[in-house]
file data_21.txt (compact mmCIF, C-alpha atoms and all ligand atoms)
# COMPACT_ATOMS: atom_id res chain seq x y z
CA MET K 1 -19.30 16.53 -5.57
CA ASN K 2 -20.97 16.45 -2.21
CA ILE K 3 -20.23 12.92 -1.02
CA LYS K 4 -22.60 11.68 1.68
CA SER K 5 -21.42 9.22 4.28
CA THR K 6 -23.88 6.58 2.99
CA ASN K 7 -22.00 6.33 -0.32
CA LYS K 8 -19.44 3.61 -0.92
CA VAL K 9 -16.44 5.30 -2.51
CA ILE K 10 -13.54 3.18 -3.76
CA LEU K 11 -10.26 4.47 -5.15
CA ALA K 12 -8.41 1.76 -7.07
CA ILE K 13 -4.77 1.57 -8.10
CA GLU K 14 -3.34 -0.82 -10.69
CA THR K 15 0.41 -1.12 -11.35
CA SER K 16 0.90 -4.83 -12.11
CA CYS K 17 2.81 -4.44 -15.35
CA ASP K 18 3.35 -1.46 -17.65
CA GLU K 19 0.14 0.54 -17.12
CA THR K 20 -0.07 3.03 -14.26
CA ALA K 21 -3.80 3.29 -13.60
CA ALA K 22 -6.30 4.66 -11.08
CA SER K 23 -10.08 4.65 -10.95
CA VAL K 24 -12.91 5.85 -8.73
CA CYS K 25 -16.04 3.77 -8.22
CA ILE K 26 -18.98 5.25 -6.29
CA ASN K 27 -21.84 2.94 -5.34
CA GLY K 28 -20.83 0.48 -8.04
CA LYS K 29 -20.50 3.00 -10.86
CA ILE K 30 -17.18 3.99 -12.42
CA TYR K 31 -16.57 7.75 -12.32
CA SER K 32 -13.00 7.80 -13.62
CA ASN K 33 -10.65 5.38 -15.35
CA VAL K 34 -7.23 6.95 -15.86
CA ILE K 35 -4.53 4.89 -17.59
CA PHE K 36 -0.99 5.91 -18.35
CA GLN K 37 0.49 3.44 -20.83
CA GLN K 38 4.28 3.28 -20.54
CA GLU K 39 5.84 3.63 -23.99
CA ASP K 40 9.37 2.91 -22.73
CA HIS K 41 9.25 -0.80 -23.63
CA SER K 42 8.02 -0.73 -27.24
CA ASN K 43 11.46 -1.03 -28.83
CA LEU K 44 12.86 -3.33 -26.17
CA GLY K 45 10.89 -6.43 -27.18
CA GLY K 46 9.03 -6.72 -23.86
CA VAL K 47 8.46 -5.07 -20.49
CA VAL K 48 11.72 -4.37 -18.62
CA PRO K 49 10.83 -4.70 -14.92
CA GLU K 50 13.13 -2.01 -13.54
CA ILE K 51 12.12 0.50 -16.21
CA ALA K 52 8.47 -0.28 -15.46
CA SER K 53 8.91 0.31 -11.70
CA ARG K 54 10.65 3.63 -12.26
CA ALA K 55 8.00 4.76 -14.75
CA HIS K 56 5.23 3.90 -12.24
CA LEU K 57 7.00 5.91 -9.57
CA LYS K 58 7.25 8.88 -11.89
CA LYS K 59 3.57 8.87 -12.87
CA ILE K 60 1.56 7.47 -10.00
CA ASN K 61 0.94 10.72 -8.18
CA GLN K 62 -0.42 12.41 -11.26
CA VAL K 63 -2.54 9.42 -12.33
CA VAL K 64 -4.19 9.14 -8.90
CA SER K 65 -4.76 12.92 -8.67
CA ASN K 66 -6.33 12.94 -12.15
CA SER K 67 -8.58 10.08 -11.21
CA LEU K 68 -9.88 11.83 -8.09
CA GLU K 69 -10.26 15.07 -10.03
CA GLN K 70 -12.22 13.45 -12.87
CA ALA K 71 -14.57 11.85 -10.34
CA ASN K 72 -14.88 15.25 -8.66
CA ILE K 73 -13.95 13.95 -5.20
CA SER K 74 -11.07 14.35 -2.79
CA ILE K 75 -9.05 11.67 -1.00
CA THR K 76 -10.95 12.35 2.24
CA ASP K 77 -14.15 11.07 0.54
CA VAL K 78 -12.62 7.64 -0.10
CA ASP K 79 -13.92 4.69 1.99
CA ALA K 80 -11.45 2.07 0.75
CA LEU K 81 -8.36 1.77 -1.43
CA ALA K 82 -8.58 -1.24 -3.75
CA ILE K 83 -5.09 -2.28 -4.78
CA ALA K 84 -4.01 -4.85 -7.37
CA ASN K 85 -1.82 -7.11 -5.26
CA GLY K 86 -0.69 -9.64 -7.87
CA PRO K 87 0.10 -11.44 -9.96
CA GLY K 88 2.46 -9.07 -11.73
CA LEU K 89 5.94 -7.61 -11.64
CA MET K 90 6.99 -7.39 -8.01
CA GLY K 91 8.70 -4.00 -8.31
CA SER K 92 5.69 -2.52 -10.12
CA LEU K 93 3.24 -3.95 -7.58
CA LEU K 94 5.31 -2.51 -4.76
CA VAL K 95 5.16 0.99 -6.24
CA GLY K 96 1.34 0.83 -6.33
CA SER K 97 0.91 -0.74 -2.93
CA GLY K 98 3.57 1.46 -1.32
CA PHE K 99 1.90 4.58 -2.66
CA ALA K 100 -1.50 3.33 -1.49
CA LYS K 101 -0.13 2.50 1.92
CA GLY K 102 1.08 6.08 2.27
CA LEU K 103 -2.40 7.36 1.41
CA ALA K 104 -4.02 4.81 3.70
CA SER K 105 -1.84 5.76 6.66
CA ALA K 106 -2.14 9.50 6.14
CA HIS K 107 -5.94 9.45 5.80
CA SER K 108 -6.85 6.32 7.82
CA ILE K 109 -8.39 4.53 4.84
CA PRO K 110 -8.59 0.71 4.79
CA MET K 111 -6.89 -1.14 1.94
CA LEU K 112 -8.55 -3.93 -0.05
CA PRO K 113 -6.14 -6.31 -1.75
CA VAL K 114 -7.59 -7.28 -5.15
CA ASP K 115 -6.42 -10.19 -7.28
CA HIS K 116 -5.57 -8.83 -10.73
CA LEU K 117 -6.82 -11.89 -12.62
CA SER K 118 -10.17 -12.07 -10.84
CA ALA K 119 -10.53 -8.36 -11.57
CA HIS K 120 -10.30 -9.04 -15.32
CA ILE K 121 -13.47 -11.11 -14.86
CA TYR K 122 -15.16 -8.52 -12.65
CA ALA K 123 -14.72 -6.12 -15.61
CA HIS K 124 -17.84 -7.81 -17.00
CA PHE K 125 -19.91 -6.30 -14.19
CA ILE K 126 -19.00 -2.65 -14.86
CA ASP K 127 -21.53 -1.93 -17.61
CA ALA K 128 -24.82 -3.52 -18.62
CA PRO K 129 -25.55 -6.10 -19.88
CA ILE K 130 -23.92 -8.03 -17.05
CA PRO K 131 -23.65 -11.82 -17.15
CA GLU K 132 -26.06 -14.01 -15.28
CA LEU K 133 -24.43 -16.66 -13.12
CA PRO K 134 -23.01 -19.26 -13.51
CA PHE K 135 -20.70 -17.58 -15.99
CA ALA K 136 -17.84 -19.23 -17.88
CA CYS K 137 -15.07 -16.87 -18.89
CA LEU K 138 -12.00 -17.29 -21.04
CA LEU K 139 -9.35 -15.06 -19.49
CA VAL K 140 -6.59 -14.35 -21.98
CA SER K 141 -3.84 -11.92 -21.15
CA GLY K 142 -0.13 -11.44 -21.66
CA GLY K 143 0.83 -13.62 -18.73
CA HIS K 144 -2.14 -15.99 -18.32
CA THR K 145 -4.64 -18.12 -20.21
CA PHE K 146 -7.39 -19.53 -18.03
CA ILE K 147 -10.92 -20.84 -18.23
CA PHE K 148 -12.79 -19.75 -15.10
CA GLU K 149 -16.27 -20.45 -13.89
CA MET K 150 -18.02 -17.94 -11.63
CA ASN K 151 -20.79 -19.39 -9.46
CA GLU K 152 -23.91 -17.75 -8.03
CA LYS K 153 -21.89 -16.40 -5.10
CA TYR K 154 -19.38 -14.76 -7.46
CA GLN K 155 -16.77 -17.32 -6.44
CA LEU K 156 -14.31 -18.37 -9.11
CA SER K 157 -13.20 -21.90 -9.90
CA LEU K 158 -10.30 -22.60 -12.20
CA ILE K 159 -11.34 -25.00 -14.96
CA GLY K 160 -8.32 -25.00 -17.25
CA LYS K 161 -5.10 -23.15 -17.95
CA THR K 162 -2.07 -23.05 -20.18
CA ILE K 163 0.65 -25.47 -19.24
CA ASP K 164 3.35 -23.16 -20.62
CA ASP K 165 3.10 -19.80 -22.44
CA ALA K 166 0.02 -17.60 -22.37
CA ALA K 167 -1.89 -16.75 -25.57
CA GLY K 168 -0.86 -13.07 -25.38
CA GLU K 169 2.72 -14.07 -24.79
CA ALA K 170 2.64 -16.31 -27.89
CA LEU K 171 1.27 -13.43 -29.98
CA ASP K 172 3.90 -11.06 -28.57
CA LYS K 173 6.73 -13.54 -29.25
CA CYS K 174 5.57 -14.22 -32.82
CA ALA K 175 5.33 -10.46 -33.36
CA LYS K 176 8.88 -10.06 -32.07
CA LEU K 177 10.08 -12.68 -34.59
CA MET K 178 8.52 -10.51 -37.29
CA LYS K 179 10.33 -7.47 -35.79
CA LEU K 180 7.07 -5.77 -34.78
CA PRO K 181 7.10 -3.46 -31.73
CA TYR K 182 5.94 -4.56 -28.25
CA PRO K 183 3.17 -5.36 -27.43
CA GLY K 184 2.78 -7.40 -30.57
CA GLY K 185 -0.82 -8.54 -30.07
CA PRO K 186 -2.44 -5.28 -31.22
CA GLU K 187 -0.01 -5.07 -34.17
CA ILE K 188 -0.90 -8.60 -35.28
CA ASP K 189 -4.58 -7.73 -34.94
CA ARG K 190 -4.14 -4.64 -37.13
CA LEU K 191 -1.98 -6.29 -39.84
CA SER K 192 -4.11 -9.46 -39.96
CA LYS K 193 -6.95 -7.49 -41.47
CA MET K 194 -4.94 -7.30 -44.71
CA GLY K 195 -3.86 -10.94 -44.76
CA ASN K 196 -5.13 -14.39 -45.65
CA PRO K 197 -5.73 -16.39 -42.43
CA ASN K 198 -5.39 -19.69 -44.32
CA ALA K 199 -2.06 -18.89 -46.00
CA PHE K 200 -0.01 -20.84 -43.44
CA VAL K 201 -1.25 -23.77 -41.40
CA PHE K 202 -0.03 -24.58 -37.88
CA SER K 203 -1.19 -27.71 -36.12
CA LYS K 204 -2.95 -27.08 -32.81
CA PRO K 205 -1.51 -28.60 -29.64
CA LYS K 206 -3.46 -31.33 -27.88
CA VAL K 207 -3.55 -31.03 -24.10
CA ALA K 208 -5.66 -33.03 -21.65
CA ASP K 209 -8.93 -31.75 -20.15
CA TYR K 210 -9.57 -28.04 -20.68
CA ASN K 211 -5.94 -26.93 -20.69
CA TYR K 212 -3.87 -25.16 -23.32
CA SER K 213 -0.29 -25.07 -24.58
CA PHE K 214 1.17 -22.30 -26.73
CA SER K 215 4.92 -22.86 -26.70
CA GLY K 216 4.81 -25.40 -29.58
CA LEU K 217 2.95 -22.92 -31.79
CA LYS K 218 5.59 -20.29 -31.17
CA THR K 219 8.32 -22.82 -32.11
CA ALA K 220 6.42 -23.88 -35.26
CA PHE K 221 6.19 -20.21 -36.23
CA LEU K 222 9.92 -19.72 -35.61
CA ASN K 223 10.79 -22.81 -37.67
CA LEU K 224 8.64 -21.66 -40.58
CA ILE K 225 10.36 -18.29 -40.62
CA ARG K 226 13.89 -19.76 -40.33
CA ASN K 227 13.29 -22.30 -43.11
CA GLN K 228 11.68 -19.83 -45.47
CA GLU K 229 14.26 -17.11 -44.84
CA GLN K 230 16.99 -19.48 -46.03
CA LYS K 231 15.27 -19.54 -49.42
CA ASN K 232 14.09 -15.93 -49.42
CA PRO K 233 15.66 -13.34 -47.07
CA ASN K 234 12.63 -11.07 -47.61
CA PHE K 235 10.17 -13.78 -46.59
CA ILE K 236 8.79 -11.86 -43.58
CA GLU K 237 8.35 -8.55 -45.37
CA GLU K 238 6.69 -10.20 -48.38
CA ASN K 239 4.33 -12.32 -46.26
CA LEU K 240 3.80 -10.13 -43.21
CA PHE K 241 0.02 -9.78 -43.48
CA ASP K 242 -0.52 -13.49 -44.18
CA LEU K 243 1.81 -14.53 -41.36
CA CYS K 244 -0.08 -12.31 -38.90
CA ALA K 245 -3.50 -13.45 -40.09
CA SER K 246 -2.52 -17.14 -40.00
CA ILE K 247 -1.01 -17.20 -36.52
CA GLN K 248 -3.85 -15.09 -35.14
CA LYS K 249 -6.46 -17.43 -36.64
CA THR K 250 -4.67 -20.50 -35.27
CA ILE K 251 -4.54 -19.03 -31.74
CA VAL K 252 -8.14 -17.78 -31.79
CA ASP K 253 -9.51 -21.06 -33.20
CA TYR K 254 -7.59 -23.01 -30.58
CA LEU K 255 -8.80 -20.81 -27.70
CA ILE K 256 -12.39 -21.25 -28.83
CA GLU K 257 -12.08 -25.00 -29.51
CA VAL K 258 -11.08 -25.88 -25.93
CA PHE K 259 -13.58 -23.42 -24.43
CA LYS K 260 -16.34 -24.95 -26.54
CA LYS K 261 -15.42 -28.42 -25.31
CA TYR K 262 -15.91 -27.17 -21.74
CA LEU K 263 -19.23 -25.51 -22.56
CA LYS K 264 -20.51 -28.74 -24.08
CA TYR K 265 -19.59 -30.57 -20.90
CA SER K 266 -20.78 -27.96 -18.38
CA GLN K 267 -23.85 -26.74 -20.24
CA ILE K 268 -23.13 -23.20 -18.96
CA ARG K 269 -24.95 -20.74 -21.14
CA ASN K 270 -23.45 -17.41 -20.08
CA ILE K 271 -20.03 -17.03 -21.59
CA GLY K 272 -17.41 -14.34 -22.07
CA ILE K 273 -13.83 -13.33 -22.70
CA SER K 274 -11.61 -10.98 -20.72
CA GLY K 275 -7.98 -9.83 -20.43
CA GLY K 276 -5.81 -7.99 -22.94
CA VAL K 277 -6.27 -10.51 -25.76
CA ALA K 278 -10.06 -10.01 -25.43
CA ALA K 279 -9.34 -6.73 -27.26
CA ASN K 280 -8.53 -8.82 -30.34
CA SER K 281 -11.07 -8.21 -33.08
CA MET K 282 -11.04 -11.79 -34.35
CA LEU K 283 -11.52 -13.25 -30.85
CA ARG K 284 -14.38 -10.81 -30.18
CA GLU K 285 -16.09 -12.05 -33.35
CA ALA K 286 -15.32 -15.67 -32.51
CA ILE K 287 -16.94 -15.53 -29.06
CA ALA K 288 -20.06 -14.03 -30.59
CA ASN K 289 -20.15 -16.88 -33.13
CA LEU K 290 -19.57 -19.42 -30.38
CA GLY K 291 -22.46 -17.93 -28.41
CA GLU K 292 -24.74 -18.45 -31.39
CA GLN K 293 -23.43 -21.98 -32.03
CA VAL K 294 -24.00 -23.22 -28.48
CA ASP K 295 -27.03 -21.02 -27.84
CA ALA K 296 -25.36 -19.05 -25.04
CA ASN K 297 -25.50 -15.41 -23.99
CA PHE K 298 -22.09 -13.94 -24.74
CA PHE K 299 -20.42 -11.02 -23.00
CA ILE K 300 -17.53 -8.95 -24.31
CA PRO K 301 -16.12 -6.14 -22.15
CA ASP K 302 -15.65 -2.66 -23.57
CA LEU K 303 -12.17 -2.33 -25.10
CA SER K 304 -11.09 0.03 -22.30
CA TYR K 305 -11.73 -2.73 -19.73
CA CYS K 306 -9.85 -5.52 -21.58
CA THR K 307 -6.22 -4.47 -21.30
CA ASP K 308 -4.97 -3.59 -17.82
CA ASN K 309 -6.96 -0.83 -16.14
CA ALA K 310 -7.95 0.22 -12.63
CA ALA K 311 -11.72 0.32 -13.25
CA MET K 312 -11.78 -3.48 -13.06
CA ILE K 313 -9.85 -3.33 -9.76
CA ALA K 314 -12.33 -0.75 -8.45
CA LYS K 315 -15.31 -2.87 -9.52
CA ALA K 316 -13.81 -6.01 -7.96
CA GLY K 317 -13.13 -4.05 -4.76
CA ASP K 318 -16.67 -2.73 -4.78
CA MET K 319 -18.30 -6.13 -5.33
CA GLN K 320 -16.09 -7.91 -2.82
CA PHE K 321 -16.13 -5.04 -0.31
CA ASP K 322 -17.63 -7.10 2.50
CA GLN K 323 -15.65 -10.31 1.91
CA LEU K 324 -12.25 -8.82 1.26
CA LYS K 325 -10.12 -8.59 4.32
CA THR K 326 -9.34 -4.95 4.81
CA THR K 327 -5.81 -4.52 5.99
CA GLU K 328 -4.55 -1.42 7.65
CA PRO K 329 -0.83 -1.56 7.43
CA ASN K 330 -0.03 -5.25 6.79
CA PHE K 331 -0.69 -5.20 3.10
CA GLU K 332 1.10 -7.96 1.24
CA PRO K 333 1.60 -7.89 -2.52
CA TYR K 334 1.46 -11.17 -4.40
CA ALA K 335 -0.78 -12.94 -1.91
CA LYS K 336 -2.20 -16.42 -2.59
CA SER K 337 -4.70 -16.70 -5.48
CA PRO K 338 -8.24 -16.46 -4.16
CA TRP K 339 -9.95 -18.91 -6.51
CA LYS K 340 -10.74 -22.60 -6.08
CA LYS K 341 -8.48 -24.99 -8.02
O1 LIG F 1 -4.37 -8.10 -19.67
P1 LIG F 1 -3.19 -7.42 -20.23
O2 LIG F 1 -3.29 -5.95 -20.55
O3 LIG F 1 -1.94 -7.60 -19.30
C1 LIG F 1 -1.72 -8.75 -18.58
O4 LIG F 1 -2.36 -8.92 -17.52
O5 LIG F 1 -0.89 -9.56 -19.09
O6 LIG F 1 -2.79 -8.22 -21.55
C2 LIG F 1 -1.71 -7.84 -22.36
C3 LIG F 1 -1.69 -8.76 -23.58
C4 LIG F 1 -0.44 -8.60 -24.43
O7 LIG F 1 0.06 -9.88 -24.72
C5 LIG F 1 -0.96 -7.93 -25.69
O8 LIG F 1 -0.23 -8.23 -26.84
C6 LIG F 1 -2.36 -8.48 -25.75
O9 LIG F 1 -2.81 -8.48 -24.42
N1 LIG F 1 -3.26 -7.66 -26.58
C7 LIG F 1 -3.78 -8.08 -27.75
C8 LIG F 1 -4.56 -7.00 -28.24
N2 LIG F 1 -4.48 -5.97 -27.35
C9 LIG F 1 -3.68 -6.39 -26.35
N3 LIG F 1 -3.66 -9.25 -28.38
C10 LIG F 1 -4.31 -9.37 -29.56
N4 LIG F 1 -5.05 -8.39 -30.11
C11 LIG F 1 -5.21 -7.20 -29.50
N5 LIG F 1 -5.97 -6.26 -30.05
ZN ZN F 2 -4.00 -8.10 -16.90

call {"tool": "encode", "arguments": {"input": "data_21.txt", "output": "structure tokens"}}
result
Amino acid sequence: MNIKSTNKVILAIETSCDETAASVCINGKIYSNVIFQQEDHSNLGGVVPEIASRAHLKKINQVVSNSLEQANISITDVDALAIANGPGLMGSLLVGSGFAKGLASAHSIPMLPVDHLSAHIYAHFIDAPIPELPFACLLVSGGHTFIFEMNEKYQLSLIGKTIDDAAGEALDKCAKLMKLPYPGGPEIDRLSKMGNPNAFVFSKPKVADYNYSFSGLKTAFLNLIRNQEQKNPNFIEENLFDLCASIQKTIVDYLIEVFKKYLKYSQIRNIGISGGVAANSMLREAIANLGEQVDANFFIPDLSYCTDNAAMIAKAGDMQFDQLKTTEPNFEPYAKSPWKK
């Protein structure tokens, strides 16, 4: 491609957890979105930080090269490097930012630090239809559960959050109790389709304001399994589909219930979901139903932009290009969260 100097070309790198990812965004449009999903953790019950860092180091060169190649550009065309700078696993973040710093120094490219969580929300602005503002978004991932509000200046305010585990973490832990591979969320999604969501009932936690709690649900799930296994050692195997469907329904209903309470209060009528758990088929249906119930426009990102990816980092870098402080060598992973509390 013949890149003209008037174009805004962003190369993004994402290495917060167990995906090594790179993306190119030119004038706001995504031209490549390369993701290498580390398989090393699936039988280990969760992401092992040191294994993740080493796997990033092994793959990052190839992932970034593929991303540039797919966008048909070279590193010398890049105007800024957008880098996920936290939250995430420190070792993994350092691999991404260290690699970027090398590129930045060698080619004199400025670096844009991008907050990973805000980027999950910016994923909504990659493809049409994009949300009008103000926009209320339920951000549900493996490490976080937040309700955010984005105002007309694209600034984020934190409305509510989990006081303990995240929704994705609860799904992953329940999956682990059923001996399903990591990450358990997609497995629960898949197996739930064959189960009865009302087979087992778990009471939903009550937390003040627009906050969540998931640790009690995980304990209730554990207790059910322990008690039932004493009577029937094959309890999990014989009830796997119903267990998955029931815990998934409880978590989805609970996520929607609190979000709905906030929508009733705020009267915001542009709503969405983002983060890895936004890939969940039941939650995707539930947000559409909620939109109809409260007469709101609902927005659901493409599946490829829900779980961790670099396109969302590229889009966030592109949209915040002027505000983000470009740093030449003093890049600092895990900087302070940029939203209002
Ligand atoms: O956003 P993400 O990729 O990484 C973090 O920033 O944490 O989210 C990962 C989480 C994991 O807990 C995973 O189990 C969950 O997203 N997840 C799902 C689905 N796909 C990924 N949970 C439920 N259903 C899915 N289809
Ligand atoms: Zn994430």

call {"tool": "closest_atom_pairs", "arguments": {"input": "data_21.txt", "of": "chain K", "to": "ligand LIG 1 (chain F)", "cutoff": "9 Å", "atoms": "all atoms listed in the file", "output": "JSON lines"}}
result
{"residue": "K:Ser16", "atom": "CA", "partner": "F:LIG1", "partner_atom": "O4", "distance": 7.5}
{"residue": "K:Cys17", "atom": "CA", "partner": "F:LIG1", "partner_atom": "O3", "distance": 6.9}
{"residue": "K:Asp18", "atom": "CA", "partner": "F:LIG1", "partner_atom": "O3", "distance": 8.3}
{"residue": "K:Glu19", "atom": "CA", "partner": "F:LIG1", "partner_atom": "O2", "distance": 8.1}
{"residue": "K:Pro87", "atom": "CA", "partner": "F:LIG1", "partner_atom": "O4", "distance": 8.3}
{"residue": "K:Gly88", "atom": "CA", "partner": "F:LIG1", "partner_atom": "O4", "distance": 7.5}
{"residue": "K:His116", "atom": "CA", "partner": "F:LIG1", "partner_atom": "O4", "distance": 7.5}
{"residue": "K:Leu117", "atom": "CA", "partner": "F:LIG1", "partner_atom": "O4", "distance": 7.3}
{"residue": "K:His120", "atom": "CA", "partner": "F:LIG1", "partner_atom": "O1", "distance": 7.4}
{"residue": "K:Leu139", "atom": "CA", "partner": "F:LIG1", "partner_atom": "O1", "distance": 8.6}
{"residue": "K:Val140", "atom": "CA", "partner": "F:LIG1", "partner_atom": "O1", "distance": 7.0}
{"residue": "K:Ser141", "atom": "CA", "partner": "F:LIG1", "partner_atom": "O6", "distance": 3.9}
{"residue": "K:Gly142", "atom": "CA", "partner": "F:LIG1", "partner_atom": "O5", "distance": 3.3}
{"residue": "K:Gly143", "atom": "CA", "partner": "F:LIG1", "partner_atom": "O5", "distance": 4.4}
{"residue": "K:His144", "atom": "CA", "partner": "F:LIG1", "partner_atom": "O5", "distance": 6.6}
{"residue": "K:Ala166", "atom": "CA", "partner": "F:LIG1", "partner_atom": "O7", "distance": 8.1}
{"residue": "K:Ala167", "atom": "CA", "partner": "F:LIG1", "partner_atom": "O7", "distance": 7.2}
{"residue": "K:Gly168", "atom": "CA", "partner": "F:LIG1", "partner_atom": "O7", "distance": 3.4}
{"residue": "K:Glu169", "atom": "CA", "partner": "F:LIG1", "partner_atom": "O7", "distance": 5.0}
{"residue": "K:Ala170", "atom": "CA", "partner": "F:LIG1", "partner_atom": "O7", "distance": 7.6}
{"residue": "K:Leu171", "atom": "CA", "partner": "F:LIG1", "partner_atom": "O8", "distance": 6.3}
{"residue": "K:Asp172", "atom": "CA", "partner": "F:LIG1", "partner_atom": "O8", "distance": 5.3}
{"residue": "K:Lys173", "atom": "CA", "partner": "F:LIG1", "partner_atom": "O7", "distance": 8.9}
{"residue": "K:Ala175", "atom": "CA", "partner": "F:LIG1", "partner_atom": "O8", "distance": 8.9}
{"residue": "K:Tyr182", "atom": "CA", "partner": "F:LIG1", "partner_atom": "O8", "distance": 7.3}
{"residue": "K:Pro183", "atom": "CA", "partner": "F:LIG1", "partner_atom": "O8", "distance": 4.5}
{"residue": "K:Gly184", "atom": "CA", "partner": "F:LIG1", "partner_atom": "O8", "distance": 4.9}
{"residue": "K:Gly185", "atom": "CA", "partner": "F:LIG1", "partner_atom": "O8", "distance": 3.3}
{"residue": "K:Pro186", "atom": "CA", "partner": "F:LIG1", "partner_atom": "C11", "distance": 3.8}
{"residue": "K:Glu187", "atom": "CA", "partner": "F:LIG1", "partner_atom": "N4", "distance": 7.3}
{"residue": "K:Ile188", "atom": "CA", "partner": "F:LIG1", "partner_atom": "N4", "distance": 6.6}
{"residue": "K:Asp189", "atom": "CA", "partner": "F:LIG1", "partner_atom": "N4", "distance": 4.9}
{"residue": "K:Arg190", "atom": "CA", "partner": "F:LIG1", "partner_atom": "N5", "distance": 7.5}
{"residue": "K:Gln248", "atom": "CA", "partner": "F:LIG1", "partner_atom": "C10", "distance": 8.0}
{"residue": "K:Ser274", "atom": "CA", "partner": "F:LIG1", "partner_atom": "O1", "distance": 7.9}
{"residue": "K:Gly275", "atom": "CA", "partner": "F:LIG1", "partner_atom": "O1", "distance": 4.1}
{"residue": "K:Gly276", "atom": "CA", "partner": "F:LIG1", "partner_atom": "O6", "distance": 3.3}
{"residue": "K:Val277", "atom": "CA", "partner": "F:LIG1", "partner_atom": "N3", "distance": 3.9}
{"residue": "K:Ala278", "atom": "CA", "partner": "F:LIG1", "partner_atom": "C8", "distance": 6.9}
{"residue": "K:Ala279", "atom": "CA", "partner": "F:LIG1", "partner_atom": "N5", "distance": 4.4}
{"residue": "K:Asn280", "atom": "CA", "partner": "F:LIG1", "partner_atom": "N4", "distance": 3.5}
{"residue": "K:Ser281", "atom": "CA", "partner": "F:LIG1", "partner_atom": "N5", "distance": 6.2}
{"residue": "K:Met282", "atom": "CA", "partner": "F:LIG1", "partner_atom": "N4", "distance": 8.1}
{"residue": "K:Leu283", "atom": "CA", "partner": "F:LIG1", "partner_atom": "N4", "distance": 8.1}
{"residue": "K:Leu303", "atom": "CA", "partner": "F:LIG1", "partner_atom": "N2", "distance": 8.8}
{"residue": "K:Cys306", "atom": "CA", "partner": "F:LIG1", "partner_atom": "O1", "distance": 6.4}
{"residue": "K:Thr307", "atom": "CA", "partner": "F:LIG1", "partner_atom": "O2", "distance": 3.4}
{"residue": "K:Asp308", "atom": "CA", "partner": "F:LIG1", "partner_atom": "O2", "distance": 4.0}
{"residue": "K:Asn309", "atom": "CA", "partner": "F:LIG1", "partner_atom": "O2", "distance": 7.7}

call {"tool": "write_last_selection", "arguments": {"input": "data_21.txt", "atoms": "C-alpha atoms", "output": "short mmCIF file (atom, residue, chain, number, x, y, z; two decimals), in the frame of the given file"}}
result
data_model
loop_
_atom_site.label_atom_id
_atom_site.label_comp_id
_atom_site.auth_asym_id
_atom_site.auth_seq_id
_atom_site.Cartn_x
_atom_site.Cartn_y
_atom_site.Cartn_z
CA SER K 16 0.90 -4.83 -12.11
CA CYS K 17 2.81 -4.44 -15.35
CA ASP K 18 3.35 -1.46 -17.65
CA GLU K 19 0.14 0.54 -17.12
CA PRO K 87 0.10 -11.44 -9.96
CA GLY K 88 2.46 -9.07 -11.73
CA HIS K 116 -5.57 -8.83 -10.73
CA LEU K 117 -6.82 -11.89 -12.62
CA HIS K 120 -10.30 -9.04 -15.32
CA LEU K 139 -9.35 -15.06 -19.49
CA VAL K 140 -6.59 -14.35 -21.98
CA SER K 141 -3.84 -11.92 -21.15
CA GLY K 142 -0.13 -11.44 -21.66
CA GLY K 143 0.83 -13.62 -18.73
CA HIS K 144 -2.14 -15.99 -18.32
CA ALA K 166 0.02 -17.60 -22.37
CA ALA K 167 -1.89 -16.75 -25.57
CA GLY K 168 -0.86 -13.07 -25.38
CA GLU K 169 2.72 -14.07 -24.79
CA ALA K 170 2.64 -16.31 -27.89
CA LEU K 171 1.27 -13.43 -29.98
CA ASP K 172 3.90 -11.06 -28.57
CA LYS K 173 6.73 -13.54 -29.25
CA ALA K 175 5.33 -10.46 -33.36
CA TYR K 182 5.94 -4.56 -28.25
CA PRO K 183 3.17 -5.36 -27.43
CA GLY K 184 2.78 -7.40 -30.57
CA GLY K 185 -0.82 -8.54 -30.07
CA PRO K 186 -2.44 -5.28 -31.22
CA GLU K 187 -0.01 -5.07 -34.17
CA ILE K 188 -0.90 -8.60 -35.28
CA ASP K 189 -4.58 -7.73 -34.94
CA ARG K 190 -4.14 -4.64 -37.13
CA GLN K 248 -3.85 -15.09 -35.14
CA SER K 274 -11.61 -10.98 -20.72
CA GLY K 275 -7.98 -9.83 -20.43
CA GLY K 276 -5.81 -7.99 -22.94
CA VAL K 277 -6.27 -10.51 -25.76
CA ALA K 278 -10.06 -10.01 -25.43
CA ALA K 279 -9.34 -6.73 -27.26
CA ASN K 280 -8.53 -8.82 -30.34
CA SER K 281 -11.07 -8.21 -33.08
CA MET K 282 -11.04 -11.79 -34.35
CA LEU K 283 -11.52 -13.25 -30.85
CA LEU K 303 -12.17 -2.33 -25.10
CA CYS K 306 -9.85 -5.52 -21.58
CA THR K 307 -6.22 -4.47 -21.30
CA ASP K 308 -4.97 -3.59 -17.82
CA ASN K 309 -6.96 -0.83 -16.14
#

call {"tool": "atom_distance", "arguments": {"input": "data_21.txt", "atom1": "atom CA of Ala84 of chain K", "atom2": "atom CA of Gln37 of chain K"}}
result
16.4 Å

call {"tool": "closest_residue", "arguments": {"input": "data_21.txt", "among": "K:Ser65, K:Asp115, K:Lys341, K:Leu44", "to": "ligand ZN 2 (chain F)", "atoms": "only C-alpha atoms and all ligand atoms"}}
result
K:Asp115

call {"tool": "atom_distance", "arguments": {"input": "data_21.txt", "atom1": "atom CA of Ile26 of chain K", "atom2": "atom CA of Asn7 of chain K"}}
result
6.8 Å

call {"tool": "atom_distance", "arguments": {"input": "data_21.txt", "atom1": "atom CA of Ala286 of chain K", "atom2": "atom CA of Lys206 of chain K"}}
result
20.2 Å
